[in-house]
Amino acid sequence: MDARDHEAVTGAAPQPAAPPRQPVPRPAAPPPLPAQAPPLSATERWLRTPRVVDAPGVYGYGHVPRDPDDPDRMTDRRLVGGAVLALLTGVLVWSLLDNGYIPFWREPLTLLTPRGWWNGGGMSRPEYFADKAYDILWMVLLAYYFARLGNWPELLRRYLTTPAMRGWASVVGGFVVWMLCWKSYIPLFEATSVIFPQSWTRGGGNAYAAALVGDSLYIPGTLLIAWPCAKYGQWGRWLRRKPAPAGPPPWPPAPGAVPPAQRTAPGDPFGAVDVSPAEWPELRGAGRHDVADRLAAEVRSGRMNDVDCVRIRHAWSLVHSRRQGADEFADTVLRLGADACLHPSGDRDVPRRAAGHDLLGDQVRIGRGAEDKRNGYQYRGSGIALYPAVLGTGLLAVGPAGSGKTRQVMRPVAESLCLQALGGRAAVVAVAAAEADLGPREAYDVVISLGDPASRYDLDLYGGTTDPDLAAWLLADALVDGPESEQLRAATALGQLLGPYAAAHGHFPPVPVLRELLDGVPHAYAALREAVDAAGAPGLMRELDARERQAARPGDIGSLLADRVATLDRPAFAGFFDTSGRSRPFSMDALAHPLRVRIELPERGHSEASRILVRLLLAQFMATVASRRDSTMFACIVVDDAAHAVTPATVRALSSLRAANAGAVLGLRTLDDIPEQLRGPLVGSIGCRMALAGVSPWDGGFFAEAWGTTTVQTRDVTRTPDQSGGMARRASRGVRRLFTGEAVTTESVTVREVERERWSASDLAHGVPAGHAVVSMTTTGGEHAPPVLVDLRA
């Protein structure tokens, strides 16, 4: 078929034949390497930054430890002034010696050398050499003596803190000494030139050759100057190699090779070479070089953020010991790169971060240690951070409204836990009013707005349990804030109703029905009795009969429980606390997964209901985390306002959270919001205590007692009238008193060691500046940090 037939059949003109492919020319040599490494991405720079945590609560990202306090440390002014004074004194003494004002200093030279050297009219070469060597010896002795007297070694150690500074200082010092020798102020060159024969410097009668040879003889003296300078400044290390670049190699490594990632300590260009986390050494150690290369390329390109790094690292830690799981992990990473192992929500970050985070150490920075003498040396000027090892002992933050408790403490902690949840390592429940600033709603997976009909999720009033006794204990802890005996009566009464109802209907009663049963409404009891009879549970019928008999007695706790439940049986909560399965209730059992939950309380018009709900959520959280089978994931509850929500059971459970890998963060405006008998036990059982600016002296007293005392030195100065001396001295004191109006006294100083409170109640109430807080920390490993004054705005 020719071209016209093809066009008639297909309706289109045939395409012309493709020209033959030309071979692609290959380069004769590989492309040249780039002159310098490409700039580091933000994630790679974050991974390569060293982390040092030298005390509990220190923000380790880029932290440079401080030297311990030296009680005998000399002040800078005294050190520099003494060094300058010693230098000037040494120059003056040498000038007096050199100009003959102190003649006897040359007597040892004449005694130890032949007498004929000094009786002639001039000096021979041996005499000249001995004379110059003797001068140099005295110079060295004077320099050593006055350097020790003026603390020059301490001056160099204090101000030349890095190898680079020491290197440049040795160069400058060596050049100054060389110039003094060249100008003959120090006779070093003259002494070294005398060692060699005079025929070398004559040059055969040629003045130019003699000058050239004579100047070249100064080389030994120059080497004598350069040798100690090179030893001090470590010139050999500078000449042997250059400082390692901070970035990765500018070309991709060969397949299967482990590229060395060099990281140096700040200020030390010759620091130890180690493998950076940016090169994924754990994967390379397991032989997964292809996966490590893919992830390293993602880091270098900037497609991976800090959440991706910790999420993938955590996923590898879960599967690396299982062959099949490790292979699946490798396939997923090679296929998806930075998108591998995503959180079920699909989020890779939280919107609008409000604090500094170091997810590699699970730390969130809340402020900076103030330069206060009561702060330990490790904390002065250092970043202060909170992390799971600290939150696992519990955190209590007390401060009035406007002190920054929510904005500068609660939100950073909730934000950090949300980021850790995206990395698969934590679960968080944030409880606060709807207007509280605990981050945007988009930062959470589940948002429960109690009292808001538009809320997508509901709250399980019974904590997701099917055990009637446990459900009764949780409800009793929330409904009764009195003594434990009242809670025991309430739990018994609730158990007598929840057990029969669950056996008859397969679920616990909704709020309106529970209120009617507690109130003793006849038709509610009749309906429940018929349902229990139909279920065939005679033992539960006896429980129901016992409840009816107790309800008929005066002073029964059922009426009190009914009144408390009535605060939840309001039209605003009509669509909540459903037990029939028609809604999507949240229970604390979901904390087995890396979940981010925010529960918004209806503060306006329903303050009592909010307090009951906070107590209920705290009780459910404590019971759930204590019974978890897998406690590898950190779980934490953040309560912005825990007023009237702390019960004796809560205080007892706080001390057991560290064993369950869980934590609780409680905020209070004042300790007066909790029962008086629980204030001391609460402050004592919590591991981390924070007193913000503006606390009352009564609140400060509890913190001061919990922080205890420390040993300090006190100076007592006693002044007594001066009665010493004769008539002339007494007359001078009388004239001085006549003109000044003050008696002349003598002072006696007594230094004692006494026990003082670290922070007294008055200091906490009146001595903490605005925007500051005093924080003490305890880790789950048992490390303690003394109270630290922290600037929360820094």
# chains A, B, ... in the order shown; residues from 1 in each chain; ligands from 1
call {"tool": "residues_around", "arguments": {"residues": "Arg158 in chain A", "least_positions_apart": "5", "cutoff": "10 Å", "atoms": "only C-alpha atoms", "output": "list in words"}}
result
Asp76, Leu79, Trp152 and Pro153 of chain A
call {"tool": "residues_around", "arguments": {"residues": "Ile637 in chain A", "least_positions_apart": "2", "cutoff": "6 Å", "atoms": "only C-alpha atoms", "output": "list in words"}}
result
Val428, Val429, Ala430 and Ala664 of chain A
call {"tool": "write_last_selection", "arguments": {"atoms": "C-alpha atoms", "output": "CSV table (one decimal), in the first residue's frame"}}
result
chain,number,residue,atom,x,y,z
A,428,VAL,CA,-0.9,13.7,73.7
A,429,VAL,CA,-4.3,14.9,75.2
A,430,ALA,CA,-4.6,18.6,75.5
A,664,ALA,CA,1.0,15.0,83.2
call {"tool": "residues_around", "arguments": {"residues": "range 741-746 of chain A", "least_positions_apart": "2", "cutoff": "9 Å", "atoms": "only C-alpha atoms", "output": "PyMOL selection string"}}
result
chain A and resi 718-723+733-734+736-739+748
call {"tool": "write_last_selection", "arguments": {"atoms": "N, CA and C atoms", "output": "short mmCIF file (atom, residue, chain, number, x, y, z; two decimals), in the first residue's frame"}}
result
data_model
loop_
_atom_site.label_atom_id
_atom_site.label_comp_id
_atom_site.auth_asym_id
_atom_site.auth_seq_id
_atom_site.Cartn_x
_atom_site.Cartn_y
_atom_site.Cartn_z
N THR A 718 31.47 43.73 111.86
CA THR A 718 31.27 44.42 113.14
C THR A 718 32.17 45.65 113.18
N ARG A 719 31.56 46.80 113.46
CA ARG A 719 32.30 48.07 113.53
C ARG A 719 32.35 48.55 114.98
N THR A 720 33.53 48.84 115.45
CA THR A 720 33.74 49.36 116.81
C THR A 720 34.56 50.64 116.74
N PRO A 721 34.35 51.57 117.67
CA PRO A 721 35.16 52.82 117.66
C PRO A 721 36.64 52.52 117.82
N ASP A 722 37.43 53.24 117.03
CA ASP A 722 38.88 53.06 117.05
C ASP A 722 39.48 53.86 118.21
N GLN A 723 40.08 53.15 119.16
CA GLN A 723 40.68 53.78 120.34
C GLN A 723 42.20 53.59 120.37
N ARG A 733 41.92 61.71 114.53
CA ARG A 733 40.57 61.14 114.47
C ARG A 733 39.53 62.15 114.94
N GLY A 734 39.90 62.98 115.96
CA GLY A 734 38.97 64.01 116.42
C GLY A 734 38.70 65.04 115.35
N ARG A 736 38.90 64.57 112.12
CA ARG A 736 38.11 63.92 111.08
C ARG A 736 36.63 63.83 111.48
N ARG A 737 36.40 63.53 112.78
CA ARG A 737 35.02 63.46 113.24
C ARG A 737 34.38 64.84 113.24
N LEU A 738 35.17 65.88 113.52
CA LEU A 738 34.63 67.23 113.54
C LEU A 738 34.15 67.66 112.17
N PHE A 739 34.90 67.29 111.14
CA PHE A 739 34.54 67.74 109.79
C PHE A 739 33.54 66.81 109.11
N SER A 748 35.65 44.30 111.81
CA SER A 748 36.04 42.90 111.94
C SER A 748 35.02 42.07 111.16
#
call {"tool": "residues_around", "arguments": {"residues": "Gly694 in chain A", "least_positions_apart": "4", "cutoff": "7 Å", "atoms": "only C-alpha atoms", "output": "ChimeraX atom specification"}}
result
/A:399-400,765
call {"tool": "write_last_selection", "arguments": {"atoms": "N, CA and C atoms", "output": "short mmCIF file (atom, residue, chain, number, x, y, z; two decimals), in the first residue's frame"}}
result
data_model
loop_
_atom_site.label_atom_id
_atom_site.label_comp_id
_atom_site.auth_asym_id
_atom_site.auth_seq_id
_atom_site.Cartn_x
_atom_site.Cartn_y
_atom_site.Cartn_z
N GLY A 399 0.97 30.12 88.24
CA GLY A 399 1.17 31.53 87.93
C GLY A 399 -0.15 32.19 87.66
N PRO A 400 -0.30 33.46 88.04
CA PRO A 400 -1.57 34.15 87.81
C PRO A 400 -1.81 34.41 86.34
N ALA A 765 7.63 35.64 95.56
CA ALA A 765 6.49 36.53 95.39
C ALA A 765 6.91 37.90 94.87
#
call {"tool": "closest_residue", "arguments": {"among": "A:Arg441, A:Ala626, A:Ser485, A:Asp477", "to": "Pro351 in chain A", "atoms": "only C-alpha atoms"}}
result
A:Arg441
call {"tool": "select_by_dssp", "arguments": {"residues": "range 567-783 of chain A", "states": "strand (DSSP E or B)", "output": "MDAnalysis selection string"}}
result
chainID A and resid 585:586 596:601 634:639 662:668 688:692 709:721 745:757 772:778
call {"tool": "closest_residue", "arguments": {"among": "A:Gly376, A:Gly174, A:Pro281, A:Gly287", "to": "Tyr232 in chain A", "atoms": "only C-alpha atoms"}}
result
A:Gly174
call {"tool": "residues_around", "arguments": {"residues": "Glu44 in chain A", "least_positions_apart": "4", "cutoff": "10 Å", "atoms": "only C-alpha atoms", "output": "PDB file with N, CA and C atoms, in the first residue's frame"}}
result
ATOM      1  N   PRO A  39      25.864  24.515  49.462  1.00  0.00           N
ATOM      2  CA  PRO A  39      25.421  24.954  50.804  1.00  0.00           C
ATOM      3  C   PRO A  39      24.541  23.895  51.455  1.00  0.00           C
ATOM      4  N   LEU A  40      24.631  23.828  52.780  1.00  0.00           N
ATOM      5  CA  LEU A  40      23.867  22.841  53.526  1.00  0.00           C
ATOM      6  C   LEU A  40      22.405  23.244  53.589  1.00  0.00           C
ATOM      7  N   ARG A  48      23.685  18.081  61.736  1.00  0.00           N
ATOM      8  CA  ARG A  48      25.121  18.112  61.986  1.00  0.00           C
ATOM      9  C   ARG A  48      25.501  18.966  63.205  1.00  0.00           C
ATOM     10  N   THR A  49      24.581  19.712  63.741  1.00  0.00           N
ATOM     11  CA  THR A  49      24.893  20.528  64.911  1.00  0.00           C
ATOM     12  C   THR A  49      25.112  19.641  66.126  1.00  0.00           C
ATOM     13  N   GLY A 247      30.386  20.726  55.338  1.00  0.00           N
ATOM     14  CA  GLY A 247      29.378  20.102  54.502  1.00  0.00           C
ATOM     15  C   GLY A 247      29.767  18.714  54.057  1.00  0.00           C
ATOM     16  N   PRO A 248      28.886  18.045  53.325  1.00  0.00           N
ATOM     17  CA  PRO A 248      29.169  16.705  52.832  1.00  0.00           C
ATOM     18  C   PRO A 248      30.107  16.748  51.638  1.00  0.00           C
ATOM     19  N   SER A 276      28.096  11.734  61.022  1.00  0.00           N
ATOM     20  CA  SER A 276      26.974  12.608  61.338  1.00  0.00           C
ATOM     21  C   SER A 276      25.666  11.856  61.171  1.00  0.00           C
ATOM     22  N   PRO A 277      24.622  12.218  61.945  1.00  0.00           N
ATOM     23  CA  PRO A 277      23.300  11.619  61.714  1.00  0.00           C
ATOM     24  C   PRO A 277      22.763  11.887  60.320  1.00  0.00           C
ATOM     25  N   ALA A 278      23.279  12.919  59.638  1.00  0.00           N
ATOM     26  CA  ALA A 278      22.817  13.198  58.286  1.00  0.00           C
ATOM     27  C   ALA A 278      23.190  12.095  57.308  1.00  0.00           C
ATOM     28  N   GLU A 279      24.147  11.242  57.652  1.00  0.00           N
ATOM     29  CA  GLU A 279      24.550  10.136  56.785  1.00  0.00           C
ATOM     30  C   GLU A 279      23.912   8.816  57.194  1.00  0.00           C
ATOM     31  N   ALA A 296      20.035  10.257  52.672  1.00  0.00           N
ATOM     32  CA  ALA A 296      21.020  11.336  52.729  1.00  0.00           C
ATOM     33  C   ALA A 296      20.820  12.325  51.586  1.00  0.00           C
ATOM     34  N   GLU A 298      17.937  12.949  50.205  1.00  0.00           N
ATOM     35  CA  GLU A 298      16.739  13.716  50.550  1.00  0.00           C
ATOM     36  C   GLU A 298      17.077  14.829  51.553  1.00  0.00           C
ATOM     37  N   VAL A 299      17.955  14.520  52.482  1.00  0.00           N
ATOM     38  CA  VAL A 299      18.352  15.536  53.459  1.00  0.00           C
ATOM     39  C   VAL A 299      19.108  16.661  52.776  1.00  0.00           C
ATOM     40  N   ARG A 300      20.071  16.314  51.909  1.00  0.00           N
ATOM     41  CA  ARG A 300      20.869  17.335  51.231  1.00  0.00           C
ATOM     42  C   ARG A 300      20.023  18.214  50.326  1.00  0.00           C
ATOM     43  N   SER A 301      19.017  17.660  49.717  1.00  0.00           N
ATOM     44  CA  SER A 301      18.182  18.432  48.803  1.00  0.00           C
ATOM     45  C   SER A 301      17.165  19.296  49.527  1.00  0.00           C
ATOM     46  N   GLY A 302      16.959  19.073  50.828  1.00  0.00           N
ATOM     47  CA  GLY A 302      15.999  19.863  51.578  1.00  0.00           C
ATOM     48  C   GLY A 302      14.572  19.352  51.491  1.00  0.00           C
ATOM     49  N   MET A 304      13.459  16.767  53.028  1.00  0.00           N
ATOM     50  CA  MET A 304      13.149  16.105  54.299  1.00  0.00           C
ATOM     51  C   MET A 304      13.305  17.120  55.429  1.00  0.00           C
ATOM     52  N   ASN A 305      12.304  17.192  56.307  1.00  0.00           N
ATOM     53  CA  ASN A 305      12.397  18.083  57.452  1.00  0.00           C
ATOM     54  C   ASN A 305      12.736  17.282  58.705  1.00  0.00           C
ATOM     55  N   ASP A 306      12.745  17.958  59.858  1.00  0.00           N
ATOM     56  CA  ASP A 306      13.154  17.284  61.087  1.00  0.00           C
ATOM     57  C   ASP A 306      12.153  16.215  61.507  1.00  0.00           C
TER      58      ASP A 306
END
call {"tool": "residues_around", "arguments": {"residues": "range 85-89 of chain A", "least_positions_apart": "6", "cutoff": "10 Å", "atoms": "only C-alpha atoms", "output": "list in words"}}
result
Leu79, Ser95, Leu142, Ala143, Tyr145, Phe146, Ala147, Arg148, Leu149, Gly150, Asn151 and Trp152 of chain A
call {"tool": "write_last_selection", "arguments": {"atoms": "C-alpha atoms", "output": "PDB file, in the first residue's frame"}}
result
ATOM      1  CA  LEU A  79      44.168  39.670  86.045  1.00  0.00           C
ATOM      2  CA  SER A  95      66.498  48.468  81.846  1.00  0.00           C
ATOM      3  CA  LEU A 142      63.273  37.701  84.337  1.00  0.00           C
ATOM      4  CA  ALA A 143      60.606  36.873  81.762  1.00  0.00           C
ATOM      5  CA  TYR A 145      59.677  35.214  86.979  1.00  0.00           C
ATOM      6  CA  PHE A 146      57.511  38.188  86.033  1.00  0.00           C
ATOM      7  CA  ALA A 147      55.248  36.034  83.836  1.00  0.00           C
ATOM      8  CA  ARG A 148      54.549  33.828  86.847  1.00  0.00           C
ATOM      9  CA  LEU A 149      54.185  36.875  89.065  1.00  0.00           C
ATOM     10  CA  GLY A 150      51.706  38.488  86.667  1.00  0.00           C
ATOM     11  CA  ASN A 151      49.690  35.281  86.002  1.00  0.00           C
ATOM     12  CA  TRP A 152      50.413  35.385  82.281  1.00  0.00           C
TER      13      TRP A 152
END
call {"tool": "closest_residue", "arguments": {"among": "A:Trp235, A:Trp227, A:Tyr501, A:Phe703", "to": "Pro787 in chain A", "atoms": "only C-alpha atoms"}}
result
A:Phe703
call {"tool": "residues_around", "arguments": {"residues": "Ala502 in chain A", "least_positions_apart": "3", "cutoff": "10 Å", "atoms": "only C-alpha atoms", "output": "PDB file with C-alpha atoms, in the first residue's frame"}}
result
ATOM      1  CA  THR A 466     -16.485  -2.565  79.952  1.00  0.00           C
ATOM      2  CA  ASP A 467     -15.805  -3.217  83.636  1.00  0.00           C
ATOM      3  CA  PRO A 468     -18.647  -1.717  85.725  1.00  0.00           C
ATOM      4  CA  LEU A 497     -26.411   0.720  88.960  1.00  0.00           C
ATOM      5  CA  LEU A 498     -23.850   0.342  86.183  1.00  0.00           C
ATOM      6  CA  GLY A 499     -23.480  -3.429  86.553  1.00  0.00           C
ATOM      7  CA  HIS A 505     -28.592  -3.450  77.692  1.00  0.00           C
ATOM      8  CA  GLY A 506     -25.024  -4.277  76.680  1.00  0.00           C
ATOM      9  CA  HIS A 507     -23.756  -0.769  77.386  1.00  0.00           C
ATOM     10  CA  PHE A 508     -23.642   1.713  80.215  1.00  0.00           C
ATOM     11  CA  PRO A 509     -26.532   4.149  80.778  1.00  0.00           C
ATOM     12  CA  VAL A 532     -32.540  -7.357  84.282  1.00  0.00           C
TER      13      VAL A 532
END
